[in-house]
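Next comes query-v3.txt, with compact mmCIF, C-alpha atoms.
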# COMPACT_ATOMS: atom_id res chain seq x y z
CA MET A 235 40.35 57.09 247.33
CA ASN A 236 40.29 57.82 251.05
CA SER A 237 43.47 56.91 252.89
CA LEU A 238 44.73 56.87 256.43
CA HIS A 239 47.89 58.60 255.21
CA VAL A 240 46.29 61.76 253.83
CA GLU A 241 44.32 64.50 255.56
CA CYS A 242 40.72 63.79 254.57
CA ASP A 243 37.50 62.90 256.36
CA ALA A 244 38.60 59.37 257.18
CA VAL A 245 41.96 60.57 258.45
CA GLY A 246 40.36 63.24 260.57
CA LEU A 247 38.37 60.50 262.24
CA LEU A 248 41.54 58.54 262.81
CA THR A 249 43.43 61.40 264.45
CA VAL A 250 40.51 62.32 266.67
CA TYR A 251 40.08 58.78 267.90
CA ALA A 252 43.77 58.33 268.76
CA PHE A 253 43.10 58.17 272.49
CA GLU A 254 42.00 55.64 275.08
CA TRP A 255 39.30 57.02 277.37
CA SER A 256 39.70 60.75 276.86
CA ASP A 257 37.13 63.51 277.01
CA CYS A 258 36.13 64.21 273.40
CA SER A 259 34.11 67.38 274.06
CA GLY A 260 34.71 70.11 271.55
CA TYR A 261 36.14 67.88 268.83
CA SER A 262 35.05 68.69 265.30
CA TRP A 263 35.82 65.18 264.09
CA ILE A 264 34.00 65.41 260.77
CA GLN A 265 36.26 68.17 259.47
CA GLY A 266 39.30 65.96 258.97
CA SER A 267 41.63 68.20 260.96
CA SER A 268 44.46 66.84 263.05
CA VAL A 269 43.97 67.33 266.77
CA HIS A 270 45.86 66.46 269.94
CA GLN A 271 44.41 65.14 273.15
CA ASN A 272 45.53 64.91 276.74
CA SER A 273 45.16 61.60 278.54
CA THR A 274 42.45 61.46 281.19
CA SER A 275 41.14 58.93 283.65
CA SER A 276 40.02 55.64 282.13
CA ASN A 277 36.70 56.01 283.93
CA LYS A 278 35.93 59.51 282.70
CA ARG A 279 32.74 59.67 280.70
CA MET A 280 33.02 60.77 277.07
CA GLN A 281 31.24 63.91 275.98
CA GLY A 282 30.75 65.76 272.73
CA PRO A 283 30.19 64.43 269.19
CA LEU A 284 31.29 60.87 269.90
CA CYS A 285 28.48 60.43 272.41
CA SER A 286 25.87 60.71 269.67
CA VAL A 287 27.39 57.57 268.15
CA PHE A 288 28.27 55.71 271.36
CA PRO A 289 26.06 57.06 274.16
CA SER A 290 27.31 54.48 276.67
CA THR A 291 30.65 53.59 275.12
CA PRO A 292 32.93 53.88 278.19
CA ALA A 293 30.92 51.49 280.35
CA GLN A 294 30.55 48.96 277.58
CA LEU A 295 34.17 49.03 276.51
CA ASN A 296 35.45 48.93 280.08
CA GLU A 297 33.72 45.57 280.43
CA LEU A 298 35.79 44.18 277.58
CA TYR A 299 38.99 44.42 279.67
CA LEU A 300 41.06 45.49 276.72
CA THR A 301 44.83 45.59 277.04
CA ALA A 302 46.67 48.81 276.17
CA PRO A 303 47.58 47.62 272.65
CA GLN A 304 44.00 46.45 272.10
CA LYS A 305 42.65 49.82 273.21
CA ALA A 306 45.02 51.59 270.84
CA ARG A 307 43.94 49.43 267.93
CA PHE A 308 40.29 49.87 268.84
CA TYR A 309 40.49 53.66 268.84
CA HIS A 310 43.12 54.19 266.15
CA TYR A 311 41.69 51.64 263.76
CA TYR A 312 38.32 49.99 264.41
CA ILE A 313 36.28 53.02 265.45
CA PRO A 314 37.49 55.25 262.58
CA VAL A 315 36.60 52.52 260.10
CA PHE A 316 33.25 52.05 261.83
CA VAL A 317 32.36 55.75 261.53
CA TRP A 318 33.46 55.71 257.88
CA CYS A 319 31.10 52.78 257.33
CA GLU A 320 28.31 54.63 259.14
CA ASP A 321 28.78 57.54 256.76
CA LYS A 322 28.47 55.21 253.76
CA ILE A 323 25.35 53.63 255.24
CA SER A 324 23.75 57.06 255.72
CA LYS A 325 24.47 58.03 252.13
CA HIS A 326 23.15 54.67 250.92
CA VAL A 327 19.91 55.10 252.86
CA SER A 328 19.47 58.68 251.61
CA GLN A 329 19.12 57.38 248.05
CA PHE A 330 15.74 55.83 248.87
CA LYS A 331 12.36 57.40 249.59
CA ASP A 332 10.70 56.94 252.97
CA SER A 333 8.13 54.58 251.49
CA GLU A 334 10.74 52.37 249.81
CA ASP A 335 12.25 49.20 251.21
CA ILE A 336 15.98 49.67 251.60
CA PRO A 337 18.35 46.82 250.74
CA PRO A 338 21.40 46.35 252.95
CA LEU A 339 24.63 48.06 251.96
CA VAL A 340 27.33 45.51 251.14
CA ILE A 341 30.78 46.68 252.24
CA GLY A 342 33.74 44.70 250.94
CA PHE A 343 36.89 44.17 253.00
CA SER A 344 39.88 43.11 250.93
CA ALA A 345 42.91 42.08 252.95
CA PRO A 346 45.59 39.39 252.86
CA GLN A 347 45.35 36.33 255.06
CA GLY A 348 46.21 36.73 258.70
CA CYS A 349 46.32 40.54 258.72
CA GLY A 350 43.34 40.90 261.06
CA LYS A 351 40.43 41.46 258.67
CA THR A 352 38.24 38.91 260.45
CA THR A 353 38.93 40.64 263.79
CA LEU A 354 38.14 44.02 262.22
CA VAL A 355 34.86 42.72 260.83
CA PHE A 356 34.01 41.17 264.22
CA ALA A 357 34.68 44.52 265.94
CA LEU A 358 32.52 46.35 263.40
CA SER A 359 29.74 43.83 263.86
CA TYR A 360 29.91 44.42 267.63
CA LEU A 361 29.78 48.19 267.15
CA PHE A 362 26.83 47.95 264.78
CA GLN A 363 25.06 45.82 267.37
CA THR A 364 25.63 48.40 270.11
CA THR A 365 24.13 51.12 267.93
CA GLY A 366 21.10 49.10 266.89
CA ARG A 367 22.22 48.25 263.37
CA LYS A 368 21.46 44.78 262.05
CA SER A 369 24.48 43.39 260.25
CA ALA A 370 25.64 40.11 258.76
CA THR A 371 29.13 38.87 258.01
CA LEU A 372 30.24 36.77 255.05
CA SER A 373 33.62 35.61 253.82
CA ILE A 374 34.68 34.41 250.40
CA ASP A 375 35.84 31.34 252.35
CA ASP A 376 32.18 30.50 252.95
CA PHE A 377 31.78 29.88 249.22
CA TYR A 378 34.62 27.49 248.54
CA LEU A 379 33.68 24.47 246.47
CA THR A 380 32.57 21.39 248.35
CA ALA A 381 35.17 18.67 248.92
CA ALA A 382 33.86 16.88 245.82
CA GLY A 383 34.07 20.09 243.80
CA GLN A 384 37.65 20.66 244.92
CA ALA A 385 38.56 17.12 243.85
CA ASN A 386 37.10 17.79 240.40
CA LEU A 387 39.08 21.04 240.18
CA ARG A 388 42.33 19.22 240.98
CA GLU A 389 41.61 16.55 238.39
CA ALA A 390 40.84 19.18 235.75
CA ASN A 391 44.14 21.00 236.43
CA PRO A 392 46.76 18.28 236.99
CA GLY A 393 50.13 19.57 238.12
CA ASN A 394 48.88 23.09 238.91
CA ALA A 395 49.83 23.66 242.54
CA LEU A 396 47.74 26.85 242.69
CA LEU A 397 44.53 24.86 242.15
CA GLU A 398 45.44 21.75 244.11
CA PHE A 399 43.77 23.12 247.24
CA ARG A 400 41.15 25.76 247.98
CA GLY A 401 42.05 29.43 247.75
CA ASN A 402 42.72 30.83 244.29
CA ALA A 403 40.18 31.95 241.70
CA GLY A 404 38.38 28.89 240.41
CA SER A 405 37.96 27.25 243.80
CA HIS A 406 34.73 29.08 244.69
CA ASP A 407 31.10 28.18 244.01
CA LEU A 408 30.17 31.36 242.14
CA PRO A 409 26.50 30.48 241.41
CA PHE A 410 25.98 29.81 245.13
CA LEU A 411 27.63 33.12 245.97
CA ILE A 412 25.40 35.03 243.57
CA GLU A 413 22.35 33.27 244.94
CA THR A 414 23.27 34.16 248.53
CA LEU A 415 24.11 37.81 247.92
CA SER A 416 21.00 38.25 245.77
CA ALA A 417 18.82 36.73 248.48
CA LEU A 418 20.36 39.00 251.12
CA SER A 419 19.68 42.06 248.98
CA LYS A 420 16.01 41.08 248.79
CA GLN A 421 15.58 40.61 252.53
CA LYS A 422 13.94 44.01 253.07
CA LYS A 423 11.10 43.12 255.42
CA ALA A 424 10.97 41.78 258.96
CA GLY A 425 10.28 38.10 259.37
CA MET A 426 12.31 36.99 256.37
CA ASN A 427 15.26 35.53 258.25
CA MET A 428 17.79 33.44 256.38
CA LYS A 429 20.76 31.21 257.08
CA LEU A 430 24.24 32.13 255.92
CA PRO A 431 26.63 29.43 254.67
CA ARG A 432 29.80 28.54 256.50
CA TYR A 433 32.85 26.50 255.54
CA ASP A 434 34.57 23.87 257.68
CA LYS A 435 38.31 24.15 257.07
CA SER A 436 39.06 21.25 259.39
CA ALA A 437 37.09 18.68 257.33
CA TYR A 438 38.90 16.00 255.35
CA SER A 439 42.18 16.44 257.26
CA GLY A 440 42.30 20.16 256.55
CA ARG A 441 41.30 20.07 252.89
CA GLY A 442 37.92 21.45 253.94
CA ASP A 443 34.28 21.11 252.99
CA ARG A 444 31.10 23.14 253.23
CA ALA A 445 29.70 22.97 256.73
CA ASP A 446 26.44 21.16 257.35
CA PRO A 447 23.54 23.61 256.81
CA SER A 448 22.22 22.75 260.27
CA THR A 449 25.25 24.60 261.71
CA TRP A 450 24.85 27.76 259.61
CA PRO A 451 24.02 30.94 261.57
CA GLU A 452 20.69 32.62 260.97
CA VAL A 453 20.38 36.38 260.58
CA GLU A 454 17.40 38.50 261.46
CA THR A 455 16.18 40.79 258.73
CA PRO A 456 15.90 43.44 257.51
CA LEU A 457 19.65 44.04 257.53
CA THR A 458 21.30 47.43 257.41
CA VAL A 459 24.72 46.27 256.27
CA VAL A 460 26.53 43.15 255.06
CA LEU A 461 30.25 42.93 255.87
CA PHE A 462 31.85 40.82 253.14
CA GLU A 463 35.54 39.98 253.58
CA GLY A 464 38.15 38.04 251.66
CA TRP A 465 41.85 37.76 250.90
CA MET A 466 41.37 38.21 247.13
CA LEU A 467 38.25 40.36 247.09
CA GLY A 468 38.60 43.03 244.42
CA PHE A 469 41.39 41.37 242.42
CA LYS A 470 41.25 42.21 238.70
CA PRO A 471 42.30 40.03 235.75
CA LEU A 472 45.60 41.17 234.23
CA PRO A 473 47.18 40.79 230.78
CA VAL A 474 48.37 37.22 230.22
CA GLU A 475 52.01 38.24 229.85
CA VAL A 476 51.93 39.92 233.25
CA VAL A 477 50.73 36.86 235.16
CA GLN A 478 52.95 34.50 233.17
CA ALA A 479 55.95 36.55 234.25
CA VAL A 480 54.96 35.99 237.88
CA ASP A 481 54.10 32.28 237.60
CA PRO A 482 52.94 30.36 234.48
CA GLN A 483 50.49 28.42 236.68
CA LEU A 484 48.69 31.70 237.35
CA GLU A 485 47.38 31.94 233.78
CA ILE A 486 44.37 29.68 234.40
CA VAL A 487 43.71 31.41 237.73
CA ASN A 488 43.73 34.74 235.91
CA LYS A 489 41.23 33.38 233.39
CA ASN A 490 38.99 32.14 236.22
CA LEU A 491 39.10 35.58 237.80
CA GLU A 492 37.16 37.10 234.92
CA ALA A 493 33.93 35.59 236.25
CA TYR A 494 34.37 36.99 239.74
CA TYR A 495 33.34 40.57 239.01
CA ASP A 496 29.81 39.53 238.09
CA ALA A 497 29.77 37.06 240.96
CA TRP A 498 30.57 39.43 243.80
CA ASP A 499 32.14 42.77 243.01
CA LYS A 500 28.93 44.13 241.50
CA PHE A 501 27.19 43.63 244.87
CA VAL A 502 29.80 45.63 246.80
CA LYS A 503 29.04 49.36 246.99
CA ALA A 504 31.77 50.46 249.42
CA TRP A 505 35.28 49.11 249.92
CA VAL A 506 37.85 48.90 252.71
CA VAL A 507 41.22 47.76 251.38
CA ILE A 508 43.89 46.83 253.91
CA LYS A 509 47.34 47.30 252.42
CA ILE A 510 50.43 45.40 253.55
CA GLN A 511 54.02 46.43 252.89
CA ASP A 512 55.40 42.95 252.23
CA SER A 513 53.41 39.85 251.29
CA SER A 514 56.00 37.69 253.06
CA CYS A 515 54.25 38.72 256.30
CA VAL A 516 51.42 36.39 255.31
CA TYR A 517 53.48 33.30 256.13
CA GLN A 518 54.29 34.42 259.67
CA TRP A 519 50.73 35.58 260.32
CA ARG A 520 49.30 32.28 259.11
CA LEU A 521 51.80 30.34 261.22
CA GLN A 522 50.77 32.33 264.30
CA ALA A 523 47.09 31.66 263.60
CA GLU A 524 47.59 27.91 263.19
CA ILE A 525 49.69 27.69 266.35
CA ALA A 526 46.97 29.54 268.26
CA MET A 527 44.34 27.14 266.90
CA ARG A 528 46.34 24.10 268.00
CA GLU A 529 47.01 25.57 271.43
CA ALA A 530 43.28 26.16 271.82
CA GLY A 531 42.64 22.48 271.15
CA ASN A 532 41.24 23.03 267.66
CA PRO A 533 42.42 21.38 264.44
CA GLY A 534 45.25 23.34 262.87
CA MET A 535 47.94 22.89 260.27
CA THR A 536 51.42 21.84 261.35
CA ASP A 537 54.33 24.20 260.72
CA GLU A 538 55.33 22.07 257.72
CA GLU A 539 51.81 22.18 256.32
CA VAL A 540 51.80 25.98 256.61
CA LYS A 541 55.07 26.10 254.67
CA ASP A 542 53.40 24.10 251.91
CA PHE A 543 50.07 25.95 252.03
CA VAL A 544 50.98 29.66 252.03
CA PRO A 545 53.22 29.68 248.91
CA ARG A 546 50.20 28.67 246.85
CA TYR A 547 48.78 32.15 247.48
CA LEU A 548 51.93 34.24 247.05
CA PRO A 549 51.89 34.40 243.22
CA ALA A 550 48.42 35.96 243.32
CA TYR A 551 49.54 38.52 245.90
CA LYS A 552 52.57 39.43 243.79
CA ALA A 553 50.49 39.76 240.62
CA TYR A 554 47.30 41.46 241.82
CA LEU A 555 48.06 43.55 244.92
CA PRO A 556 49.94 46.37 243.12
CA THR A 557 46.95 47.06 240.87
CA LEU A 558 44.49 46.76 243.75
CA TYR A 559 46.44 49.30 245.81
CA ALA A 560 46.98 51.68 242.89
CA GLU A 561 43.53 51.59 241.30
CA GLY A 562 41.19 50.02 243.82
CA PRO A 563 38.73 47.22 242.99
CA ARG A 564 37.13 47.27 239.57
CA GLY A 565 34.00 49.41 239.56
CA SER A 566 34.79 51.11 242.87
CA HIS A 567 34.30 54.84 243.28
CA PRO A 568 37.09 56.83 245.02
CA GLU A 569 34.59 58.31 247.50
CA ASN A 570 33.52 54.83 248.56
CA LEU A 571 37.00 53.36 248.93
CA LEU A 572 39.10 53.48 252.11
CA LEU A 573 42.74 52.36 251.97
CA ILE A 574 44.45 51.44 255.23
CA GLU A 575 48.13 50.48 255.39
CA ILE A 576 49.25 48.26 258.27
CA ASP A 577 52.64 47.18 259.57
CA GLU A 578 53.98 43.74 260.45
CA GLY A 579 52.20 43.95 263.82
CA ARG A 580 48.86 44.45 262.04
CA ASN A 581 48.64 48.03 263.32
CA PRO A 582 47.64 50.95 261.08
CA ILE A 583 50.47 53.18 259.91
CA LEU A 584 49.37 56.64 260.96
CA GLY A 585 50.03 59.69 258.82
CA ASN A 586 51.86 62.67 260.29
Show me the file's structure as structure tokens.
Amino acid sequence: MNSLHVECDAVGLLTVYAFEWSDCSGYSWIQGSSVHQNSTSSNKRMQGPLCSVFPSTPAQLNELYLTAPQKARFYHYYIPVFVWCEDKISKHVSQFKDSEDIPPLVIGFSAPQGCGKTTLVFALSYLFQTTGRKSATLSIDDFYLTAAGQANLREANPGNALLEFRGNAGSHDLPFLIETLSALSKQKKAGMNMKLPRYDKSAYSGRGDRADPSTWPEVETPLTVVLFEGWMLGFKPLPVEVVQAVDPQLEIVNKNLEAYYDAWDKFVKAWVVIKIQDSSCVYQWRLQAEIAMREAGNPGMTDEEVKDFVPRYLPAYKAYLPTLYAEGPRGSHPENLLLIEIDEGRNPILGN
């Protein structure tokens, strides 16, 4: 497993990119060695190895008007992950002959709610766009059951607070997910564009429903990479006694989880796992997100609704995160797994 705490290729990338607009000439960033940089003018043009990846990076990024913390996160976090993903794409492509059609590489991003995974995926999508890569983004949220399906789930599990609303294993439309990921993997030729599903969390007073297909975004094929993110992506079923000790209501969720490997994990060939130190951070992060939504004039949960909503996820975090962090997702290979630990401010914890 690659980690941002240990000296390895991914960490070397991280230490090299720990700057704002510095001159990168002479850096041997692929060796994984720790280096130090001196700050230079924000308008100074980059040189050296980084330029082969971002030939016009300074001008483009300067137009984004990033704040100092945003710049730090971009260079300490997003770009290292991007280059790690590029490496996995290159190795994926190398497995095929020149005459063969190459399916997109599906990279899974497993991270708790509110920790910034959607922002990370958005940044990666932007970077792929600037380098000419065609990418698509999907979330496990996009495959929640319809409102009618959720109602049936509640009725089938009376009194189980973990299945009263969307979120836990059992609340997703797995056949639809398989159909979508299978279709994406077959989109190998130009002119075979397809729409990607989206979920409307504001529907039915916040209970949610699948968005109208007319609003779904369309992606242009062939794709190079699919960025697939989710709060419970990669969770593994555990022995019954383990989940019962956490919360007896989790037993049916654990049983539902058995079907998820075939439904999505088998499509994911590379993994980025974002590790948090304390799952209690999820409440504060979700509260911040809902407040921001309301302030922007969009539908958002009240503070009281957040207090009711988040605890429905905490048993799963308590049960499944230790195994995910220790072993990685089921079926993942250590060389294709990157573990990133973040602090309460959603910033990566850098190794010494």
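Note that atom CA of A:Val317 and atom CA of A:Lys423 are 25.5 Å apart.
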Residue with smallest distance to A:Phe308 - pool A:Thr353, A:Thr414, A:Gln518, A:Gln483, counting only C-alpha atoms: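 Of A:Thr353, A:Thr414, A:Gln518, A:Gln483, the one nearest A:Phe308 is A:Thr353, counting only C-alpha atoms.
Within 7 Å of the point (20.1, 36.8, 261.8), counting only C-alpha atoms, the protein and nucleic acid residues come to Asn427, Met428, Glu452, Val453, Glu454 and Thr455 of chain A.
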Interatomic distance (Å, one decimal) between atom CA of A:Gly348 and atom CA of A:Trp465: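 Spanning atom CA of A:Gly348 to atom CA of A:Trp465 is a straight-line distance of 9.0 Å.
All residues of protein, DNA or RNA that reach within 7 Å of A:Leu339, judged by only C-alpha atoms and not counting those fewer than 3 positions away in the chain, are Ile323, His326, Thr458, Val459, Val460 and Lys503 of chain A.
For the pair atom CA of A:Leu379 and atom CA of A:Phe356, the interatomic distance is 24.4 Å.
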Residue nearest A:Ala560 among A:Lys509, A:Ile583, A:Met535, A:Arg388 (counting only C-alpha atoms): A:Lys509
Nearest candidate to A:Ser369 (options A:Gly562, A:Gly531, A:Pro451, A:Pro456; using all atoms listed in the file): A:Pro456
A:Ile341 surroundings by all atoms listed in the file, 10 Å radius, close-in-sequence under 5 positions cut, as a ChimeraX atom specification: /A:319,322-323,371,459-463,501-506,570-571
With 4 Å of padding per side, what axis-aligned box (centre and edge lengths, Å, one decimal) covers all the listed atoms of stretch 336-341 of chain A? Give it as JSON.
{"center_x": 23.4, "center_y": 47.6, "center_z": 251.8, "size_x": 22.8, "size_y": 12.2, "size_z": 10.2}
Neighbour list for stretch 537-547 of chain A as a list in words, cut-off 10 Å, all atoms listed in the file, skip fewer than 4 positions in-chain: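 Residues near the query, excluding close chain neighbours: Pro346, Gln347, Asn394, Ala395, Leu396, Leu397, Glu398, Phe399, Arg400, Gly401, Asn402, Gly440, Trp465, Met466, Ser513, Ser514, Val516, Tyr517, Gln518, Arg520, Leu521, Gln522, Glu524, Ile525, Tyr551 and Lys552 of chain A.
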Residue list as a VMD selection string for point (31.4, 29.5, 254.1), cut-off 7 Å, all atoms listed in the file: chain A and resid 373 to 378 431 to 433 444
Please identify all polymer residues within 12 Å of A:Pro482, counting all atoms listed in the file, omitting same-chain residues fewer than 3 positions from it, and present them as a JSON list (two decimals) with C-alpha atoms, in the coordinates of the input.
[["chain", "number", "residue", "atom", "x", "y", "z"],
["A", 393, "GLY", "CA", 50.13, 19.57, 238.12],
["A", 394, "ASN", "CA", 48.88, 23.09, 238.91],
["A", 395, "ALA", "CA", 49.83, 23.66, 242.54],
["A", 396, "LEU", "CA", 47.74, 26.85, 242.69],
["A", 474, "VAL", "CA", 48.37, 37.22, 230.22],
["A", 475, "GLU", "CA", 52.01, 38.24, 229.85],
["A", 476, "VAL", "CA", 51.93, 39.92, 233.25],
["A", 477, "VAL", "CA", 50.73, 36.86, 235.16],
["A", 478, "GLN", "CA", 52.95, 34.50, 233.17],
["A", 479, "ALA", "CA", 55.95, 36.55, 234.25],
["A", 485, "GLU", "CA", 47.38, 31.94, 233.78],
["A", 486, "ILE", "CA", 44.37, 29.68, 234.40],
["A", 487, "VAL", "CA", 43.71, 31.41, 237.73],
["A", 488, "ASN", "CA", 43.73, 34.74, 235.91],
["A", 549, "PRO", "CA", 51.89, 34.40, 243.22],
["A", 550, "ALA", "CA", 48.42, 35.96, 243.32],
["A", 553, "ALA", "CA", 50.49, 39.76, 240.62]]
Shell around A:Ala437 at 10 Å using only C-alpha atoms, local window under 6 positions removed, as a compact mmCIF listing (two decimals) with C-alpha atoms, in the frame of the given file:
# COMPACT_ATOMS: atom_id res chain seq x y z
CA ALA A 381 35.17 18.67 248.92
CA ASP A 443 34.28 21.11 252.99
CA ARG A 444 31.10 23.14 253.23
CA ALA A 445 29.70 22.97 256.73
CA PRO A 533 42.42 21.38 264.44
Pick from A:Asp481, A:Asp332, A:Asp446, A:Asp577, whichever lies nearest to A:Lys429 using only C-alpha atoms: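 Smallest separation from A:Lys429 among the options: A:Asp446.
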Give me stretch 452-460 of chain A with all heavy atoms filled in, as a compact mmCIF listing (two decimals), in the frame of the given file.
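Output saved as rebuild-v4.txt:
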# COMPACT_ATOMS: atom_id res chain seq x y z
N GLU A 452 21.86 31.97 261.57
CA GLU A 452 20.69 32.62 260.97
C GLU A 452 20.70 34.10 261.32
O GLU A 452 21.00 34.48 262.45
CB GLU A 452 19.40 31.98 261.49
CG GLU A 452 18.14 32.49 260.83
CD GLU A 452 16.91 31.72 261.25
OE1 GLU A 452 16.39 32.02 262.37
OE2 GLU A 452 16.47 30.82 260.52
N VAL A 453 20.41 34.94 260.34
CA VAL A 453 20.38 36.38 260.58
C VAL A 453 18.95 36.89 260.54
O VAL A 453 18.12 36.38 259.80
CB VAL A 453 21.23 37.14 259.53
CG1 VAL A 453 22.70 36.82 259.71
CG2 VAL A 453 20.78 36.84 258.11
N GLU A 454 18.73 37.88 261.38
CA GLU A 454 17.40 38.50 261.46
C GLU A 454 17.34 39.68 260.52
O GLU A 454 18.21 40.55 260.52
CB GLU A 454 17.14 38.95 262.90
CG GLU A 454 15.77 39.60 263.11
CD GLU A 454 15.57 40.08 264.53
OE1 GLU A 454 16.45 39.82 265.38
OE2 GLU A 454 14.53 40.72 264.80
N THR A 455 16.33 39.71 259.70
CA THR A 455 16.18 40.79 258.73
C THR A 455 15.11 41.79 259.22
O THR A 455 14.35 41.48 260.14
CB THR A 455 15.76 40.21 257.36
OG1 THR A 455 14.51 39.54 257.51
CG2 THR A 455 16.81 39.26 256.85
N PRO A 456 15.06 42.98 258.61
CA PRO A 456 15.90 43.44 257.51
C PRO A 456 17.28 43.88 258.01
O PRO A 456 17.41 44.40 259.12
CB PRO A 456 15.12 44.62 256.95
CG PRO A 456 14.37 45.16 258.13
CD PRO A 456 14.00 43.97 258.96
N LEU A 457 18.28 43.67 257.19
CA LEU A 457 19.65 44.04 257.53
C LEU A 457 19.94 45.47 257.07
O LEU A 457 19.38 45.94 256.09
CB LEU A 457 20.64 43.09 256.85
CG LEU A 457 20.60 41.62 257.27
CD1 LEU A 457 21.50 40.80 256.35
CD2 LEU A 457 21.03 41.46 258.72
N THR A 458 20.83 46.11 257.81
CA THR A 458 21.30 47.43 257.41
C THR A 458 22.56 47.32 256.56
O THR A 458 22.75 48.05 255.59
CB THR A 458 21.61 48.30 258.64
OG1 THR A 458 20.44 48.41 259.44
CG2 THR A 458 22.08 49.69 258.23
N VAL A 459 23.43 46.36 256.93
CA VAL A 459 24.72 46.27 256.27
C VAL A 459 25.20 44.82 256.25
O VAL A 459 24.93 44.05 257.18
CB VAL A 459 25.76 47.18 256.98
CG1 VAL A 459 25.94 46.78 258.43
CG2 VAL A 459 27.09 47.19 256.24
N VAL A 460 25.88 44.46 255.18
CA VAL A 460 26.53 43.15 255.06
C VAL A 460 28.02 43.40 254.96
O VAL A 460 28.48 44.15 254.09
CB VAL A 460 26.04 42.38 253.81
CG1 VAL A 460 26.82 41.08 253.66
CG2 VAL A 460 24.55 42.10 253.91
